[in-house]
>>> print(open('input.cif').read())   # mmCIF, N, CA and C atoms
data_protein
loop_
_atom_site.label_atom_id
_atom_site.label_comp_id
_atom_site.auth_asym_id
_atom_site.auth_seq_id
_atom_site.Cartn_x
_atom_site.Cartn_y
_atom_site.Cartn_z
N MET A 1 56.30 46.37 14.96
CA MET A 1 56.25 45.55 13.78
C MET A 1 55.97 46.38 12.53
N PHE A 2 54.93 47.23 12.59
CA PHE A 2 54.55 48.00 11.40
C PHE A 2 55.27 49.33 11.30
N LYS A 3 55.99 49.73 12.37
CA LYS A 3 56.69 51.02 12.33
C LYS A 3 57.71 51.08 11.21
N GLU A 4 58.37 49.96 10.94
CA GLU A 4 59.41 49.94 9.92
C GLU A 4 58.86 49.59 8.54
N ASP A 5 57.61 49.18 8.46
CA ASP A 5 57.02 48.75 7.19
C ASP A 5 56.49 49.96 6.43
N ASP A 6 57.29 50.46 5.49
CA ASP A 6 56.91 51.65 4.73
C ASP A 6 55.64 51.45 3.91
N GLU A 7 55.45 50.25 3.39
CA GLU A 7 54.26 49.99 2.56
C GLU A 7 52.99 50.08 3.41
N PHE A 8 53.03 49.54 4.62
CA PHE A 8 51.87 49.62 5.50
C PHE A 8 51.64 51.06 5.96
N ARG A 9 52.71 51.76 6.29
CA ARG A 9 52.58 53.17 6.69
C ARG A 9 51.95 53.99 5.58
N ARG A 10 52.31 53.71 4.33
CA ARG A 10 51.73 54.42 3.19
C ARG A 10 50.23 54.11 3.09
N LEU A 11 49.85 52.85 3.35
CA LEU A 11 48.43 52.47 3.32
C LEU A 11 47.66 53.21 4.41
N VAL A 12 48.23 53.31 5.60
CA VAL A 12 47.58 54.02 6.71
C VAL A 12 47.42 55.50 6.37
N ARG A 13 48.45 56.10 5.79
CA ARG A 13 48.35 57.52 5.40
C ARG A 13 47.27 57.72 4.34
N ARG A 14 47.16 56.77 3.42
CA ARG A 14 46.12 56.91 2.39
C ARG A 14 44.73 56.73 2.99
N ALA A 15 44.60 55.92 4.01
CA ALA A 15 43.32 55.79 4.71
C ALA A 15 43.02 57.08 5.48
N ALA A 16 44.05 57.68 6.06
CA ALA A 16 43.86 58.90 6.85
C ALA A 16 43.46 60.10 6.00
N VAL A 17 43.77 60.08 4.72
CA VAL A 17 43.45 61.21 3.86
C VAL A 17 42.01 61.11 3.30
N LEU A 18 41.37 59.98 3.46
CA LEU A 18 40.03 59.79 2.89
C LEU A 18 39.00 60.85 3.32
N PRO A 19 39.03 61.34 4.58
CA PRO A 19 38.05 62.37 4.94
C PRO A 19 38.21 63.68 4.15
N LEU A 20 39.35 63.88 3.52
CA LEU A 20 39.60 65.12 2.79
C LEU A 20 39.41 64.98 1.29
N VAL A 21 38.97 63.82 0.84
CA VAL A 21 38.75 63.54 -0.58
C VAL A 21 37.27 63.75 -0.87
N PRO A 22 36.90 64.27 -2.05
CA PRO A 22 35.47 64.42 -2.37
C PRO A 22 34.74 63.08 -2.22
N GLU A 23 33.50 63.14 -1.73
CA GLU A 23 32.73 61.93 -1.47
C GLU A 23 32.69 60.98 -2.66
N ASN A 24 32.52 61.54 -3.86
CA ASN A 24 32.38 60.67 -5.03
C ASN A 24 33.71 60.03 -5.44
N SER A 25 34.81 60.41 -4.84
CA SER A 25 36.12 59.84 -5.17
C SER A 25 36.69 58.95 -4.07
N VAL A 26 36.02 58.86 -2.92
CA VAL A 26 36.56 58.11 -1.79
C VAL A 26 36.80 56.65 -2.17
N GLU A 27 35.80 56.01 -2.77
CA GLU A 27 35.96 54.60 -3.13
C GLU A 27 37.11 54.40 -4.11
N ASP A 28 37.20 55.27 -5.12
CA ASP A 28 38.28 55.14 -6.11
C ASP A 28 39.65 55.28 -5.45
N VAL A 29 39.80 56.26 -4.58
CA VAL A 29 41.08 56.49 -3.92
C VAL A 29 41.44 55.30 -3.04
N TRP A 30 40.47 54.79 -2.27
CA TRP A 30 40.76 53.68 -1.37
C TRP A 30 41.06 52.39 -2.16
N PHE A 31 40.27 52.11 -3.19
CA PHE A 31 40.51 50.88 -3.94
C PHE A 31 41.82 50.94 -4.71
N GLN A 32 42.24 52.12 -5.10
CA GLN A 32 43.57 52.27 -5.71
C GLN A 32 44.66 52.00 -4.68
N ALA A 33 44.43 52.46 -3.45
CA ALA A 33 45.39 52.19 -2.37
C ALA A 33 45.47 50.69 -2.10
N LEU A 34 44.32 50.00 -2.15
CA LEU A 34 44.34 48.55 -1.95
C LEU A 34 45.10 47.83 -3.06
N GLU A 35 44.91 48.30 -4.28
CA GLU A 35 45.63 47.69 -5.41
C GLU A 35 47.13 47.92 -5.30
N ASP A 36 47.53 49.08 -4.82
CA ASP A 36 48.95 49.40 -4.70
C ASP A 36 49.64 48.64 -3.57
N ASN A 37 48.85 48.18 -2.58
CA ASN A 37 49.42 47.46 -1.44
C ASN A 37 49.27 45.96 -1.68
N GLN A 38 50.38 45.25 -1.74
CA GLN A 38 50.37 43.82 -2.04
C GLN A 38 50.43 42.93 -0.80
N ASP A 39 50.49 43.53 0.40
CA ASP A 39 50.61 42.76 1.63
C ASP A 39 49.27 42.14 1.98
N ASP A 40 49.22 40.79 2.01
CA ASP A 40 47.99 40.08 2.35
C ASP A 40 48.10 39.34 3.66
N SER A 41 48.98 39.81 4.54
CA SER A 41 49.10 39.16 5.85
C SER A 41 47.83 39.42 6.65
N PRO A 42 47.49 38.52 7.58
CA PRO A 42 46.24 38.69 8.34
C PRO A 42 46.05 40.05 9.03
N PRO A 43 47.08 40.61 9.70
CA PRO A 43 46.84 41.92 10.34
C PRO A 43 46.54 43.02 9.32
N VAL A 44 47.24 43.01 8.19
CA VAL A 44 47.02 44.04 7.17
C VAL A 44 45.65 43.85 6.53
N MET A 45 45.26 42.60 6.31
CA MET A 45 43.93 42.34 5.73
C MET A 45 42.83 42.79 6.68
N ARG A 46 43.04 42.61 8.00
CA ARG A 46 42.04 43.09 8.97
C ARG A 46 41.90 44.61 8.88
N PHE A 47 43.04 45.30 8.74
CA PHE A 47 43.00 46.76 8.61
C PHE A 47 42.27 47.16 7.33
N LYS A 48 42.60 46.52 6.23
CA LYS A 48 41.97 46.83 4.94
C LYS A 48 40.46 46.60 5.01
N ASP A 49 40.07 45.45 5.58
CA ASP A 49 38.63 45.15 5.70
C ASP A 49 37.93 46.14 6.61
N TYR A 50 38.58 46.49 7.71
CA TYR A 50 37.98 47.46 8.64
C TYR A 50 37.72 48.79 7.96
N VAL A 51 38.72 49.34 7.29
CA VAL A 51 38.54 50.64 6.63
C VAL A 51 37.47 50.54 5.55
N THR A 52 37.50 49.46 4.77
CA THR A 52 36.53 49.29 3.69
C THR A 52 35.11 49.20 4.23
N GLU A 53 34.89 48.32 5.21
CA GLU A 53 33.53 48.08 5.71
C GLU A 53 33.01 49.23 6.57
N THR A 54 33.87 49.77 7.42
CA THR A 54 33.42 50.78 8.38
C THR A 54 33.37 52.18 7.80
N TRP A 55 34.35 52.54 6.99
CA TRP A 55 34.46 53.92 6.53
C TRP A 55 34.08 54.10 5.07
N VAL A 56 34.62 53.29 4.19
CA VAL A 56 34.37 53.51 2.77
C VAL A 56 32.95 53.13 2.39
N GLU A 57 32.49 51.97 2.89
CA GLU A 57 31.13 51.55 2.58
C GLU A 57 30.15 52.04 3.65
N GLY A 58 30.64 52.77 4.63
CA GLY A 58 29.80 53.27 5.72
C GLY A 58 29.12 54.57 5.35
N HIS A 59 28.90 55.39 6.33
CA HIS A 59 28.16 56.64 6.16
C HIS A 59 29.13 57.78 5.86
N LEU A 60 29.41 57.99 4.60
CA LEU A 60 30.38 59.02 4.19
C LEU A 60 30.00 60.41 4.69
N GLN A 61 28.73 60.73 4.65
CA GLN A 61 28.31 62.09 4.99
C GLN A 61 28.61 62.42 6.46
N HIS A 62 28.82 61.41 7.29
CA HIS A 62 29.10 61.66 8.71
C HIS A 62 30.56 61.98 8.98
N TRP A 63 31.46 61.49 8.15
CA TRP A 63 32.88 61.68 8.45
C TRP A 63 33.65 62.39 7.36
N ASN A 64 33.08 62.54 6.19
CA ASN A 64 33.81 63.19 5.10
C ASN A 64 33.74 64.70 5.27
N HIS A 65 34.91 65.34 5.24
CA HIS A 65 34.98 66.79 5.48
C HIS A 65 35.37 67.59 4.25
N TYR A 66 35.29 66.98 3.09
CA TYR A 66 35.76 67.67 1.88
C TYR A 66 35.03 68.99 1.67
N ASP A 67 33.73 68.98 1.80
CA ASP A 67 32.93 70.17 1.53
C ASP A 67 32.47 70.88 2.81
N ASN A 68 33.10 70.61 3.91
CA ASN A 68 32.68 71.15 5.20
C ASN A 68 33.24 72.55 5.42
N ASP A 69 32.35 73.50 5.68
CA ASP A 69 32.77 74.86 5.98
C ASP A 69 32.78 75.14 7.48
N GLY A 70 32.16 74.28 8.24
CA GLY A 70 32.06 74.48 9.67
C GLY A 70 33.21 73.85 10.43
N PRO A 71 33.08 73.82 11.75
CA PRO A 71 34.14 73.23 12.57
C PRO A 71 34.28 71.74 12.30
N ARG A 72 35.51 71.26 12.39
CA ARG A 72 35.77 69.84 12.15
C ARG A 72 35.95 69.07 13.44
N THR A 73 35.95 69.78 14.56
CA THR A 73 36.11 69.12 15.86
C THR A 73 35.04 69.63 16.81
N THR A 74 35.00 69.03 17.97
CA THR A 74 34.06 69.46 19.01
C THR A 74 34.78 70.28 20.08
N ASN A 75 35.93 70.85 19.74
CA ASN A 75 36.73 71.59 20.72
C ASN A 75 35.94 72.74 21.35
N ALA A 76 35.15 73.45 20.57
CA ALA A 76 34.39 74.59 21.11
C ALA A 76 33.36 74.10 22.15
N VAL A 77 32.71 73.00 21.86
CA VAL A 77 31.72 72.45 22.79
C VAL A 77 32.42 71.97 24.06
N GLU A 78 33.56 71.31 23.88
CA GLU A 78 34.29 70.82 25.06
C GLU A 78 34.82 71.98 25.90
N GLY A 79 35.19 73.08 25.25
CA GLY A 79 35.62 74.26 25.99
C GLY A 79 34.49 74.85 26.82
N TRP A 80 33.30 74.90 26.23
CA TRP A 80 32.13 75.41 26.94
C TRP A 80 31.79 74.49 28.12
N HIS A 81 31.90 73.20 27.90
CA HIS A 81 31.62 72.23 28.96
C HIS A 81 32.62 72.41 30.11
N HIS A 82 33.87 72.63 29.79
CA HIS A 82 34.89 72.88 30.82
C HIS A 82 34.56 74.15 31.61
N LYS A 83 34.10 75.17 30.89
CA LYS A 83 33.74 76.42 31.54
C LYS A 83 32.58 76.20 32.52
N LEU A 84 31.56 75.45 32.09
CA LEU A 84 30.43 75.17 32.98
C LEU A 84 30.89 74.39 34.22
N ASN A 85 31.75 73.42 34.01
CA ASN A 85 32.26 72.66 35.16
C ASN A 85 33.00 73.57 36.13
N ALA A 86 33.79 74.49 35.60
CA ALA A 86 34.52 75.41 36.47
C ALA A 86 33.56 76.34 37.21
N MET A 87 32.49 76.77 36.55
CA MET A 87 31.52 77.66 37.18
C MET A 87 30.78 76.94 38.31
N CYS A 88 30.55 75.63 38.16
CA CYS A 88 29.82 74.88 39.20
C CYS A 88 30.69 74.62 40.43
N ARG A 89 31.99 74.52 40.25
CA ARG A 89 32.96 74.33 41.34
C ARG A 89 32.82 73.01 42.08
N ARG A 90 32.10 72.09 41.53
CA ARG A 90 32.05 70.74 42.11
C ARG A 90 31.70 69.76 41.01
N PRO A 91 32.14 68.51 41.16
CA PRO A 91 31.98 67.55 40.07
C PRO A 91 30.53 67.18 39.75
N HIS A 92 29.69 67.04 40.76
CA HIS A 92 28.30 66.64 40.53
C HIS A 92 27.36 67.60 41.24
N PRO A 93 27.09 68.76 40.61
CA PRO A 93 26.23 69.74 41.29
C PRO A 93 24.78 69.25 41.33
N ASN A 94 24.07 69.73 42.33
CA ASN A 94 22.64 69.39 42.36
C ASN A 94 21.92 70.19 41.28
N ILE A 95 20.71 69.87 41.03
CA ILE A 95 19.97 70.48 39.91
C ILE A 95 19.80 71.98 40.10
N TYR A 96 19.64 72.44 41.32
CA TYR A 96 19.44 73.86 41.57
C TYR A 96 20.70 74.67 41.23
N LEU A 97 21.85 74.15 41.65
CA LEU A 97 23.10 74.82 41.33
C LEU A 97 23.36 74.81 39.82
N PHE A 98 23.03 73.69 39.19
CA PHE A 98 23.25 73.59 37.76
C PHE A 98 22.36 74.58 36.99
N VAL A 99 21.09 74.68 37.36
CA VAL A 99 20.18 75.63 36.71
C VAL A 99 20.65 77.05 36.95
N GLN A 100 21.10 77.34 38.15
CA GLN A 100 21.62 78.67 38.48
C GLN A 100 22.84 78.99 37.61
N THR A 101 23.71 78.02 37.41
CA THR A 101 24.89 78.21 36.56
C THR A 101 24.49 78.48 35.12
N LEU A 102 23.52 77.73 34.63
CA LEU A 102 23.03 77.96 33.26
C LEU A 102 22.40 79.34 33.11
N GLN A 103 21.68 79.80 34.13
CA GLN A 103 21.08 81.12 34.08
C GLN A 103 22.16 82.21 34.04
N LYS A 104 23.23 82.04 34.81
CA LYS A 104 24.33 83.00 34.76
C LYS A 104 24.96 83.03 33.38
N GLU A 105 25.17 81.86 32.81
CA GLU A 105 25.76 81.76 31.47
C GLU A 105 24.85 82.44 30.44
N GLN A 106 23.55 82.24 30.57
CA GLN A 106 22.61 82.87 29.65
C GLN A 106 22.65 84.39 29.79
N ALA A 107 22.70 84.89 31.02
CA ALA A 107 22.74 86.34 31.25
C ALA A 107 24.00 86.95 30.64
N VAL A 108 25.13 86.27 30.79
CA VAL A 108 26.39 86.77 30.22
C VAL A 108 26.28 86.84 28.70
N ASN A 109 25.73 85.79 28.10
CA ASN A 109 25.62 85.77 26.64
C ASN A 109 24.61 86.78 26.11
N GLU A 110 23.54 87.00 26.83
CA GLU A 110 22.57 88.03 26.43
C GLU A 110 23.20 89.41 26.50
N ALA A 111 24.00 89.66 27.53
CA ALA A 111 24.69 90.94 27.64
C ALA A 111 25.67 91.14 26.48
N LYS A 112 26.37 90.08 26.09
CA LYS A 112 27.29 90.16 24.95
C LYS A 112 26.53 90.49 23.66
N ILE A 113 25.37 89.88 23.49
CA ILE A 113 24.57 90.12 22.28
C ILE A 113 24.12 91.57 22.25
N ILE A 114 23.69 92.10 23.38
CA ILE A 114 23.26 93.50 23.45
C ILE A 114 24.43 94.43 23.11
N GLN A 115 25.60 94.13 23.64
CA GLN A 115 26.78 94.94 23.35
C GLN A 115 27.13 94.91 21.87
N LEU A 116 27.08 93.72 21.27
CA LEU A 116 27.41 93.60 19.85
C LEU A 116 26.38 94.33 18.98
N ASP A 117 25.10 94.23 19.36
CA ASP A 117 24.04 94.93 18.61
C ASP A 117 24.22 96.45 18.70
N ALA A 118 24.80 96.91 19.79
CA ALA A 118 25.01 98.35 19.97
C ALA A 118 26.30 98.83 19.31
N GLY A 119 26.99 97.93 18.61
CA GLY A 119 28.20 98.33 17.90
C GLY A 119 29.49 98.01 18.62
N GLY A 120 29.40 97.25 19.69
CA GLY A 120 30.61 96.87 20.41
C GLY A 120 31.47 95.93 19.58
N ILE A 121 32.69 95.79 19.98
CA ILE A 121 33.61 94.91 19.24
C ILE A 121 33.94 93.69 20.11
N VAL A 122 34.29 92.61 19.45
CA VAL A 122 34.67 91.40 20.14
C VAL A 122 36.17 91.43 20.38
N ARG A 123 36.55 91.31 21.64
CA ARG A 123 37.98 91.28 21.95
C ARG A 123 38.54 89.94 21.51
N PRO A 124 39.72 89.97 20.89
CA PRO A 124 40.33 88.69 20.50
C PRO A 124 40.75 87.89 21.73
N LYS A 125 40.70 86.57 21.60
CA LYS A 125 41.10 85.73 22.71
C LYS A 125 42.60 85.82 22.92
N LYS A 126 43.02 85.70 24.17
CA LYS A 126 44.44 85.74 24.48
C LYS A 126 45.10 84.47 23.98
N ARG A 127 46.25 84.64 23.36
CA ARG A 127 47.02 83.49 22.92
C ARG A 127 47.89 83.03 24.08
N LYS A 128 47.99 81.75 24.22
CA LYS A 128 48.83 81.21 25.30
C LYS A 128 50.26 81.18 24.87
#
>>> encode(input="input.cif", output="structure tokens")
Amino acid sequence: MFKEDDEFRRLVRRAAVLPLVPENSVEDVWFQALEDNQDDSPPVMRFKDYVTETWVEGHLQHWNHYDNDGPRTTNAVEGWHHKLNAMCRRPHPNIYLFVQTLQKEQAVNEAKIIQLDAGGIVRPKKRK
């Protein structure tokens, strides 16, 4: 239904760009998008209300990335979690195996820190 509706697609794109707009301009950008969109059908109004109530009037500092210098995703954490799961070799390890796995991970990271402090270089990750 909405795939062919260019006006609605434009509204969705304008909602999607809000995390990249400075915090003090988010409301202005969104309310301008609402003014530009004349569709008042119930599904579109639900979308407009949802974005307004949940994101624009919500906690901007939690989702706005305009001034963010750090990571924007949790991919690094999920990669580490995958690595731990692979090291455990079973889906639900007992506490002893899990602690042993964490100790191995700590030892590896401490060795890397010692190498870097001694002037070692970090090998680039292999590209797939």
>>> resolve_selection(input="input.cif", expression="the PyMOL selection byres ((chain A and resi 33-49) around 8)", output="count of residues only")
18
>>> select_by_dssp(input="input.cif", residues="region 61-105 of chain A", states="helix (DSSP H, G or I)", output="VMD selection string")
chain A and resid 61 to 63 75 to 88 95 to 105
>>> resolve_selection(input="input.cif", expression="the PyMOL selection byres ((chain A and resi 20) around 8)", output="list in words")
Ala15, Ala16, Val17, Leu18, Pro19, Val21, Pro22, Glu23, Trp63, Asn64, His65, Tyr66 and Asp67 of chain A
>>> atom_distance(input="input.cif", atom1="atom C of Val12 (chain A)", atom2="atom C of Ala76 (chain A)")
28.2 Å
>>> atom_distance(input="input.cif", atom1="atom C of Glu110 (chain A)", atom2="atom N of Cys88 (chain A)")
19.5 Å
>>> atom_distance(input="input.cif", atom1="atom C of Ala111 (chain A)", atom2="CA of Pro124 (chain A)")
16.0 Å
>>> build_atoms(input="input.cif", residues="region 108-119 of chain A", atoms="all heavy atoms", output="CSV table (one decimal), in the coordinates of the input")
chain,number,residue,atom,x,y,z
A,108,VAL,N,25.1,86.3,30.8
A,108,VAL,CA,26.4,86.8,30.2
A,108,VAL,C,26.3,86.8,28.7
A,108,VAL,O,26.7,87.8,28.1
A,108,VAL,CB,27.6,85.9,30.7
A,108,VAL,CG1,28.8,86.2,29.8
A,108,VAL,CG2,27.9,86.1,32.1
A,109,ASN,N,25.7,85.8,28.1
A,109,ASN,CA,25.6,85.8,26.6
A,109,ASN,C,24.6,86.8,26.1
A,109,ASN,O,24.8,87.4,25.1
A,109,ASN,CB,25.3,84.4,26.1
A,109,ASN,CG,26.5,83.4,26.2
A,109,ASN,OD1,27.6,83.8,25.8
A,109,ASN,ND2,26.3,82.3,26.8
A,110,GLU,N,23.5,87.0,26.8
A,110,GLU,CA,22.6,88.0,26.4
A,110,GLU,C,23.2,89.4,26.5
A,110,GLU,O,23.0,90.3,25.6
A,110,GLU,CB,21.3,87.9,27.3
A,110,GLU,CG,20.4,86.8,26.9
A,110,GLU,CD,19.2,86.6,27.8
A,110,GLU,OE1,19.1,87.4,28.8
A,110,GLU,OE2,18.4,85.8,27.5
A,111,ALA,N,24.0,89.7,27.5
A,111,ALA,CA,24.7,90.9,27.6
A,111,ALA,C,25.7,91.1,26.5
A,111,ALA,O,25.8,92.2,25.9
A,111,ALA,CB,25.4,91.0,29.0
A,112,LYS,N,26.4,90.1,26.1
A,112,LYS,CA,27.3,90.2,25.0
A,112,LYS,C,26.5,90.5,23.7
A,112,LYS,O,27.0,91.3,22.8
A,112,LYS,CB,28.1,88.8,24.8
A,112,LYS,CG,29.1,88.6,25.8
A,112,LYS,CD,29.8,87.3,25.5
A,112,LYS,CE,30.9,87.0,26.6
A,112,LYS,NZ,31.5,85.7,26.4
A,113,ILE,N,25.4,89.9,23.5
A,113,ILE,CA,24.6,90.1,22.3
A,113,ILE,C,24.1,91.6,22.2
A,113,ILE,O,24.2,92.2,21.2
A,113,ILE,CB,23.4,89.2,22.2
A,113,ILE,CG1,23.9,87.7,22.0
A,113,ILE,CG2,22.4,89.6,21.2
A,113,ILE,CD1,22.8,86.7,22.1
A,114,ILE,N,23.7,92.1,23.4
A,114,ILE,CA,23.3,93.5,23.4
A,114,ILE,C,24.4,94.4,23.1
A,114,ILE,O,24.3,95.4,22.4
A,114,ILE,CB,22.7,93.8,24.8
A,114,ILE,CG1,21.3,93.1,25.0
A,114,ILE,CG2,22.5,95.3,25.0
A,114,ILE,CD1,20.8,93.1,26.4
A,115,GLN,N,25.6,94.1,23.6
A,115,GLN,CA,26.8,94.9,23.4
A,115,GLN,C,27.1,94.9,21.9
A,115,GLN,O,27.5,95.9,21.3
A,115,GLN,CB,28.0,94.5,24.2
A,115,GLN,CG,27.9,94.8,25.6
A,115,GLN,CD,29.0,94.2,26.4
A,115,GLN,OE1,29.7,93.3,26.0
A,115,GLN,NE2,29.2,94.6,27.7
A,116,LEU,N,27.1,93.7,21.3
A,116,LEU,CA,27.4,93.6,19.8
A,116,LEU,C,26.4,94.3,19.0
A,116,LEU,O,26.7,95.0,18.0
A,116,LEU,CB,27.5,92.1,19.4
A,116,LEU,CG,28.7,91.4,20.0
A,116,LEU,CD1,28.6,89.9,19.7
A,116,LEU,CD2,30.0,91.9,19.5
A,117,ASP,N,25.1,94.2,19.4
A,117,ASP,CA,24.0,94.9,18.6
A,117,ASP,C,24.2,96.4,18.7
A,117,ASP,O,23.8,97.2,17.8
A,117,ASP,CB,22.7,94.5,19.1
A,117,ASP,CG,22.2,93.2,18.7
A,117,ASP,OD1,22.9,92.6,17.7
A,117,ASP,OD2,21.3,92.6,19.3
A,118,ALA,N,24.8,96.9,19.8
A,118,ALA,CA,25.0,98.4,20.0
A,118,ALA,C,26.3,98.8,19.3
A,118,ALA,O,26.7,100.0,19.5
A,118,ALA,CB,25.0,98.7,21.5
A,119,GLY,N,27.0,97.9,18.6
A,119,GLY,CA,28.2,98.3,17.9
A,119,GLY,C,29.5,98.0,18.6
A,119,GLY,O,30.6,98.5,18.2
